[in-house]
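See structure below.
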Amino acid sequence: MKFYKDHYDVIVIGGALAGLSSALMLADKGLDVLVLERHNLPGGIATSFVRGGIEIEAALHEMMSIGPKENRLKVGKFFDDMGVDIDWLPVPECYHASLPGLEVTLHPGLETFSREIDEQVPGTYDQVLKLLQLCNTVFDSVNELSIHPMSKAQMLLKHEAFVKTAGYSTKEVLDTFHLPQKALDLLAPYWIYVGSGFSDLPFTIYSVLMADYVGYGSMIPKKLSHEMSLKMAERAEEMGVQIEYRQHVDKILVKNGRAYGVRTARGDEIHADYVISSAYPNKVYTSMIEPLSEVPAGATKMVNGRRLSLTAFSVILILDKPAEELNIKDYSIFRGDTMDTDVLYENLAGLGPYRYLTCICHNYGNPGVTPEGTCSFSVTVLPRVDGWKTVKAEDYDRVKHEVAKQLIDDMSDYFGVNLLDHVLECVIETPMTIAHYTGAWNGCIYGYAHTMEDHIVARLQTAEEEKFIDRLEFAGAHAISGDGMGPAVTNGRKAAKNVLDDIAARKEAKR
Amino acid sequence: MKVKNFLKDVGGASRVTKARLAAFASASPALESTDPIGDVSREWHPGPIELVVTRITPACKTAKTIRFERTDGKKLPFFYAGQYIVLDFKIGESLISRPYSISSAPYEARAAYADGESDEHPFVEITVRRSKGDGFICDYVNDSLKVGDVLTGTMGLGQFYYEPLRDAKHVVALAGGVGITPFASMAKEVVNGTLDIDLTILYGSVSSDDIVMKEELDALDGASDKLHIVHVLSGNEPGWTGEKGFLTAELIRKYSAEDTSYFICGPQVMYKFLREEVAKLDVPARRVRFEVFGQAKDIAVYEGFPTELRDKTFMLTVVRGISEVQIPAKATESIVVALERAGIRIETGCRSGECGFCRTKVLAGNYFVCPEGDGRREADKDFNYVHACAAYPLSDMKIKIPIL
């Protein structure tokens with residue numbers, strides 16, 4: 001029986017946000033696309049599962065770059081343009097910061113946010129707003145430059161702030177604002193969404209992070225991130241994309257430096273003009289390219305020269321009381337015993353006790369997400385892969401429970417309520433869980449670390465030279481824009497754009 | 001914006017680009033493929049593994065315990081006591097899967113024979129009772145499976161296990177019939193010292209020769225002060241001095257501690273009875289855990305099922321990739337059963353509508369979803385996805401399933 005066509009324009013490996021974004025954009029341009037996804041549903045970690053009759057969000061804390069209907073940001077606009085109609089709910093706050101000497105909830109809007117910091121640290125309003133406005137200027141430049149590349153001279157004229165800050169770390173730029181420590185602490189909690197300590201985090205990335213989240217607020221889909229993933233997949237199929245689930249791609253077929261298809265674990269060999277891989281370059285260049293002799297030395301050096309960023313560990317609880325009765329008062333709580341991001345980044349290299357926790361109570365953004373009289377509460381740490389790489393299979397269950405217990409105990413202390421007395425359902429997601437369901441290399445969900453040695457501006461500048469295999473593109477957190485569900489969409493679009501540009505260039509050359 | 005000086009500022013982009021290229025240039029050119037986190041995930045969940053039957057022993061007059069080892073003799077995957085294994089059978093033209101609670105203990109699956117530290121090969125066991133005529137596979141396992149047979153299995157599935165962050169340390173297990181199997185696994189693990197709970201099993205049977213795994217249970221009872229097995233006979237058996245009757249709230253209360261988690265596994269009729277009895281205990285919902293319900297015995301009895309269609313057979317168009325085939329499908333048999341009869345592979349897990357392994361897109365046609373344990377995601381319902389083990393055709397249908 002024949003399950004596949006003889007040939008596709010593009011094969012996309014992986015039906016998560018990046019791969020589906022690629023597929024949508026390519027199908028929109030009339031290309032014949034096949035998506036192969038290893039799990040039996042779309043979305044990767046942007047998914048949900050059902051326990052004891054309750055549907056539970058697997059991973060999404062908040063989605064950036066959406067914006068309200070009348071003023072969409074780039075990801076929201078892409079969904080609208082593609083006809084992916086998601087029921088977005090606004091997240092009610094930026095975060096509640098629970099830091100040494102600080103208990104405060106901050107809300108979106110550059111002025112609001114600055115004013116709320118000023119209430120905690122009087123006299124900082126102007127400087128904080130100035131910083132956020134700088135972030136916003138850089139953010140606008142990044143958005144524009146990602147669509148309209150221009151010469152360096154032009155860039156300096158039109159995007160001065162972007163150009164001048166590109167060479168500096170977040171710490172270096174923040175230092176120039178001479179803010180008191182407490183104000184700096186309140187400007188740091190989102191760091192975990194980009195996963196590098198401030199002395200190594202490019203200010204460019206910090207700018208995008210703050211301008212997007214603080215400036216515009218974030219959103220969540222009403223029917224959890226599965227709604228987003230499924231609607232993308234359904235729309236793609238409507239546009240003619242063939243999506244096949246439970247298909248594990250083992251090999252990317254390469255001849256004379258050019259990708260021409262894939263082989264699945266089932267044994268199907270499928271041919272295409274282009275392959276877009278959501279599998280990590282680490283996996284692709286070390287075990288998927290067939291034959292491996294087609295992997296150029298530059299590719300392995302690049303892979304070895306980059307640092308894997310963060311993975312995730314979450315304890316998700318369904319509790320048998322409404323949130324307010326358990327003293328849970330916010331959608332999002334960032335809690336740390338220090339806000340020194342460099343120290344926290346080091347702490348993430350181990351197996352705990354972890355010092356920086358991220359908590360979500362979905363009921364505050366999405367009332368009715370759990371049955372009457374219950375609530376959902378998750379505690380997440382985003383560790384580096386280093387510590388978890390040392391865990392042996394025999395010790396896995398013990399380590400997982402020890403870490404989970406630490407997280408629940410810490411938050412129980414904070415709320416003054418023993419959460420363990422209220423657990424209806426308890427799900428522990430680990431780096432291994434992520435590896436199991438998505439195949440992500442070492443369970444890493446953040447791709448490569450955003451560092452001064454692996455700067456997004458540099459990534460953009462050298463992108464051409466890093467095309468080691470012709471007609472093979474990458475889409476996922478490991479691509480240029482890095483981690484996050486918003487950037488996943490951007491990464492997927494970028495891979496699709498590369499394919500479209502290449503097709504256009506070849507047509508042009510023929511002429 | 002001026003951090004240091006103007007030239008340094010504007011040279012930033014080139015500076016970071018150079019830094020990046022320098023990092024790559026000094027990196028190792030060696031091809032290293034190390035994914036230890038992925039390796040651990042594969043040790044726990046390797047997917048389908050090849051198993052060989054190495055021993056078949058009677059578990060009572062009407063049930064047998066089947067022991068499997070890996071064909072390569074290696075350790076079996078990790079699992080939690082209470083979880084199940086899905087076995088794949090090829091019988092005639094049919095490709096059929098069934099979930100069975102594992103009746104052996106996790107430590108027995110990890111026996112150190114492979115490391116030369118034990119004489120015992122690592123193994124996994126299921127205990128299956130012959131049916132009263134309606135259990136095709138139960139009877140196949142009891143009557144036809146023999147030592148040396150090879151089949152594939154996927155194990156470590158299901159949510160019916162003790163979770164220390166959720167459950168009380170004192171566990172009362174309520175078992176009926178062959179529903180004893182997950183608790184047998186837990187009991188062995190308690191005696192082995194690798195499951196730290198106080199376990200009391202209240203096991204309801206009609207008569208003493210009806211008790212499944214009686215010898216094994218007798219050997220375990222008393223082997224640890226953390227394990228108590230209490231047989232409860234509903235039939236009138238001369239000379240029986242133990243507990244009599246059914247697993248009533250009164251009896252359950254007698255064996256409960258102040259804070260107790262109740263784990264319940266047994267036939268569907270027992271679930272109906274126990275739901276009421278457990279409700280009388282007045283314990284929080286989080287303390288009561290039922291194993292999945294199993295396939296509905298007769299879907300036509302559920303409210304909303306159009307009984308006038310019960311004898312109908314419809315045409316089911318099955319799409320896989322760019323291919324389509326048509327097969328017959330009875331209104332009273334789930335879509336999974338129709339596929340299996342036709343020899344079309346579909347992955348299944350719990351076969352109770354909950355786990356979602358058999359998640360299937362309905363492209364056209366009407367269907368009925370068993371209301372018992374409908375585990376579908378909300379967005380899936382909006383887009384006509386069903387769990388095919390719990391969905392029944394009410395018209396000609398067209399579905400899309402994964403290519404396996």
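Order determines the names: the first chain of the structure tokens is A, the second B, and so forth; residues in each chain are numbered 1 upward, and ligands are numbered 1 upward as they are shown.
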Taking only C-alpha atoms into account, produce a table as a tab-separated table in which each residue of chain B with an atom at most 7 Å from an atom of chain A appears once, together with its shortest atom pair and the distance in Å to one decimal, ordered by chain and rising number.
residue	atom	partner	partner_atom	distance
B:Met1	CA	A:Ala161	CA	6.6
B:Val3	CA	A:Thr176	CA	6.6
B:Asp9	CA	A:Lys164	CA	4.6
B:Val10	CA	A:Lys164	CA	4.9
B:Gly12	CA	A:Gly167	CA	3.5
B:Ala13	CA	A:Gly167	CA	5.6
B:Arg15	CA	A:Gly167	CA	6.6
B:Val16	CA	A:Ala458	CA	5.9
B:Thr17	CA	A:Ala458	CA	4.3
B:Ala19	CA	A:Glu453	CA	5.3
B:Arg20	CA	A:Glu453	CA	4.7
B:Ala23	CA	A:Gly305	CA	5.8
B:Phe24	CA	A:Gly305	CA	4.7
B:Ala25	CA	A:Lys301	CA	7.0
B:Ala27	CA	A:Gly305	CA	4.8
B:Ser28	CA	A:Lys301	CA	5.7
B:Pro29	CA	A:Lys301	CA	4.8
B:Ala30	CA	A:Thr300	CA	6.8
B:Leu31	CA	A:Thr286	CA	6.0
B:Glu32	CA	A:Thr286	CA	6.6
B:Ser33	CA	A:Thr286	CA	5.5
B:Asp35	CA	A:Asn442	CA	5.1
B:Pro36	CA	A:Lys389	CA	5.5
B:Ile37	CA	A:Asn442	CA	4.7
B:Gly38	CA	A:Ala435	CA	5.3
B:Val40	CA	A:Ala393	CA	5.1
B:Ser41	CA	A:Met432	CA	5.0
B:Arg42	CA	A:His436	CA	6.9
B:Glu43	CA	A:Ala393	CA	6.7
B:Leu165	CA	A:Leu420	CA	6.5
B:Arg166	CA	A:Val423	CA	5.3
B:Arg286	CA	A:Leu424	CA	4.4
B:Arg320	CA	A:Phe3	CA	6.3
B:Gly321	CA	A:Phe3	CA	4.3
B:Ile322	CA	A:Phe3	CA	4.9
B:Ser323	CA	A:Phe3	CA	5.6
B:Gly375	CA	A:Val50	CA	6.1
B:Arg377	CA	A:Glu55	CA	6.3
B:Glu378	CA	A:Lys223	CA	6.5
B:Ala379	CA	A:Glu227	CA	5.3
B:Pro402	CA	A:Tyr245	CA	5.5
Which of region 70-190 of chain B DSSP labels alpha helix (DSSP H), written as a list in words: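 Checking each residue of region 70-190 of chain B, the alpha helix (DSSP H) ones are Pro106, Tyr107, Glu108, Ala109, Phe136, Ile137, Cys138, Asp139, Tyr140, Val141, Asn142, Asp143, Thr181, Pro182, Phe183, Ala184, Ser185, Met186, Ala187, Lys188, Glu189 and Val190 of chain B.
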Shell of 8 Å around Asn363 (chain A), only C-alpha atoms, local chain residues under 6 positions omitted, as a PyMOL selection string: chain A and resi 323+331+369-370+375-376
Writer output for current selection, N, CA and C atoms, as an mmCIF file, in the first residue's frame:
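To be explicit, this is the file written out as out10.cif:
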data_model
loop_
_atom_site.group_PDB
_atom_site.id
_atom_site.type_symbol
_atom_site.label_atom_id
_atom_site.label_comp_id
_atom_site.auth_asym_id
_atom_site.auth_seq_id
_atom_site.Cartn_x
_atom_site.Cartn_y
_atom_site.Cartn_z
ATOM 1 N N ALA A 323 -8.069 28.270 44.394
ATOM 2 C CA ALA A 323 -6.742 28.855 44.613
ATOM 3 C C ALA A 323 -6.708 29.786 45.827
ATOM 4 N N TYR A 331 -1.577 34.692 38.965
ATOM 5 C CA TYR A 331 -1.409 33.796 37.821
ATOM 6 C C TYR A 331 0.013 33.265 37.792
ATOM 7 N N VAL A 369 -10.848 26.491 34.022
ATOM 8 C CA VAL A 369 -9.926 25.544 33.392
ATOM 9 C C VAL A 369 -9.871 24.228 34.168
ATOM 10 N N THR A 370 -10.223 24.289 35.443
ATOM 11 C CA THR A 370 -10.383 23.043 36.215
ATOM 12 C C THR A 370 -11.783 23.066 36.831
ATOM 13 N N CYS A 375 -8.201 23.774 41.678
ATOM 14 C CA CYS A 375 -7.374 24.678 40.885
ATOM 15 C C CYS A 375 -6.152 23.939 40.376
ATOM 16 N N SER A 376 -5.514 24.549 39.415
ATOM 17 C CA SER A 376 -4.301 23.970 38.872
ATOM 18 C C SER A 376 -3.136 24.842 39.313
#
Atomic separation - CA of Gly197 (chain A) relative to CA of Pro353 (chain A), Å: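 That distance, rounded to one decimal, is 18.3 Å.
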Between CA of Glu62 (chain A) and CA of Val386 (chain B), distance in Å (one decimal):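 If I compute the distance from CA of Glu62 (chain A) to CA of Val386 (chain B), I get 28.2 Å.
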Spatial neighbours of Lys214 (chain B), max dist 12 Å, only C-alpha atoms, sep filter under 3 positions, as a compact mmCIF listing (two decimals) with N, CA and C atoms, in the first residue's frame:
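And here is the file that came out, result-v6.txt:
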# COMPACT_ATOMS: atom_id res chain seq x y z
N PRO B 58 -0.72 -22.25 36.52
CA PRO B 58 -2.11 -21.96 36.89
C PRO B 58 -2.16 -20.97 38.05
N ALA B 59 -3.09 -20.03 37.97
CA ALA B 59 -3.23 -19.04 39.05
C ALA B 59 -4.49 -19.32 39.86
N CYS B 60 -5.34 -20.19 39.34
CA CYS B 60 -6.50 -20.80 40.00
C CYS B 60 -7.14 -21.68 38.95
N LYS B 61 -8.31 -22.22 39.23
CA LYS B 61 -8.91 -23.15 38.26
C LYS B 61 -9.12 -22.49 36.90
N ALA B 63 -7.67 -19.41 35.79
CA ALA B 63 -6.74 -18.35 35.34
C ALA B 63 -5.31 -18.88 35.27
N LYS B 64 -4.53 -18.24 34.43
CA LYS B 64 -3.14 -18.63 34.30
C LYS B 64 -2.23 -17.41 34.43
N THR B 65 -1.04 -17.68 34.94
CA THR B 65 -0.04 -16.63 34.97
C THR B 65 0.99 -16.93 33.88
N THR B 127 -1.54 -12.13 34.62
CA THR B 127 -2.40 -13.21 35.07
C THR B 127 -3.77 -12.98 34.43
N GLY B 177 -12.04 -10.34 41.70
CA GLY B 177 -11.67 -11.24 40.61
C GLY B 177 -10.24 -11.06 40.18
N VAL B 178 -10.04 -10.96 38.87
CA VAL B 178 -8.69 -10.88 38.34
C VAL B 178 -8.13 -9.46 38.52
N ILE B 180 -7.13 -8.39 41.06
CA ILE B 180 -6.10 -8.51 42.09
C ILE B 180 -4.70 -8.23 41.51
N THR B 181 -4.55 -8.34 40.18
CA THR B 181 -3.20 -8.36 39.60
C THR B 181 -2.35 -7.12 39.93
N ALA B 184 -1.21 -7.49 43.43
CA ALA B 184 -0.20 -8.53 43.63
C ALA B 184 1.18 -7.94 43.37
N TYR B 203 -9.85 -8.46 49.27
CA TYR B 203 -10.01 -9.14 47.99
C TYR B 203 -11.31 -9.94 47.98
N SER B 205 -14.02 -12.45 46.51
CA SER B 205 -14.20 -13.57 45.58
C SER B 205 -15.50 -14.28 45.95
N SER B 207 -15.88 -17.77 45.95
CA SER B 207 -15.52 -18.89 46.81
C SER B 207 -13.99 -19.00 46.88
N SER B 208 -13.48 -19.78 47.78
CA SER B 208 -12.03 -19.80 47.95
C SER B 208 -11.30 -20.39 46.74
N ASP B 209 -11.96 -21.30 46.02
CA ASP B 209 -11.24 -21.81 44.84
C ASP B 209 -11.35 -20.86 43.64
N ASP B 210 -12.02 -19.76 43.87
CA ASP B 210 -12.17 -18.72 42.86
C ASP B 210 -11.05 -17.68 42.98
N ILE B 211 -10.32 -17.74 44.08
CA ILE B 211 -9.31 -16.71 44.36
C ILE B 211 -8.14 -16.83 43.39
N LEU B 217 -0.38 -15.18 46.91
CA LEU B 217 -0.83 -14.21 47.91
C LEU B 217 -0.61 -14.75 49.31
N ASP B 218 -0.90 -16.05 49.51
CA ASP B 218 -0.70 -16.66 50.82
C ASP B 218 0.76 -16.59 51.24
N ALA B 219 1.64 -16.80 50.26
CA ALA B 219 3.07 -16.75 50.56
C ALA B 219 3.51 -15.34 50.94
N LEU B 220 2.87 -14.35 50.33
CA LEU B 220 3.24 -12.95 50.60
C LEU B 220 2.68 -12.47 51.94
N ASP B 221 1.45 -12.94 52.24
CA ASP B 221 0.78 -12.45 53.45
C ASP B 221 1.59 -12.88 54.67
N ILE B 229 -3.37 -9.19 53.71
CA ILE B 229 -4.30 -9.60 52.65
C ILE B 229 -5.53 -10.21 53.32
N VAL B 230 -6.67 -9.66 53.02
CA VAL B 230 -7.92 -10.10 53.64
C VAL B 230 -8.85 -10.60 52.54
N HIS B 231 -9.14 -11.89 52.57
CA HIS B 231 -10.07 -12.44 51.59
C HIS B 231 -11.50 -12.25 52.09
DSSP strand (DSSP E or B) residues within region 85-327 of chain A, as an NGL selection string: :A and (88-90 or 95-99 or 102-106 or 169 or 202 or 219-221 or 242-244 or 249-255 or 258-264 or 269-277 or 289-290 or 308 or 310 or 313-319)
Nearby residues (only C-alpha atoms) at most 9 Å from Asp196 (chain B), same-chain spacing under 4 positions excluded, as a ChimeraX atom specification: /B:164,169,189-190,226
Shell around region 68-78 of chain A at 10 Å using only C-alpha atoms, local window under 4 positions removed, as a PyMOL selection string: chain A and resi 21+24-25+63-64+82-86+88-90+143+212+216-219+485-490+493
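Contact shell of Val292 (chain B) at 10 Å (only C-alpha atoms; same-chain neighbours under 5 positions omitted): A:Gly52, B:Gly158, B:Gln159, B:Phe160, B:Ile264, B:Cys265, B:Gly266, B:Gln268, B:Cys350, B:Arg351, B:Ser352, B:Gly353, B:Glu354, B:Cys355, B:Glu372, B:Gly373.
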Distance of CA of Ala168 (chain B) from CA of Asp330 (chain A), expressed in Å to one decimal place: 28.8 Å
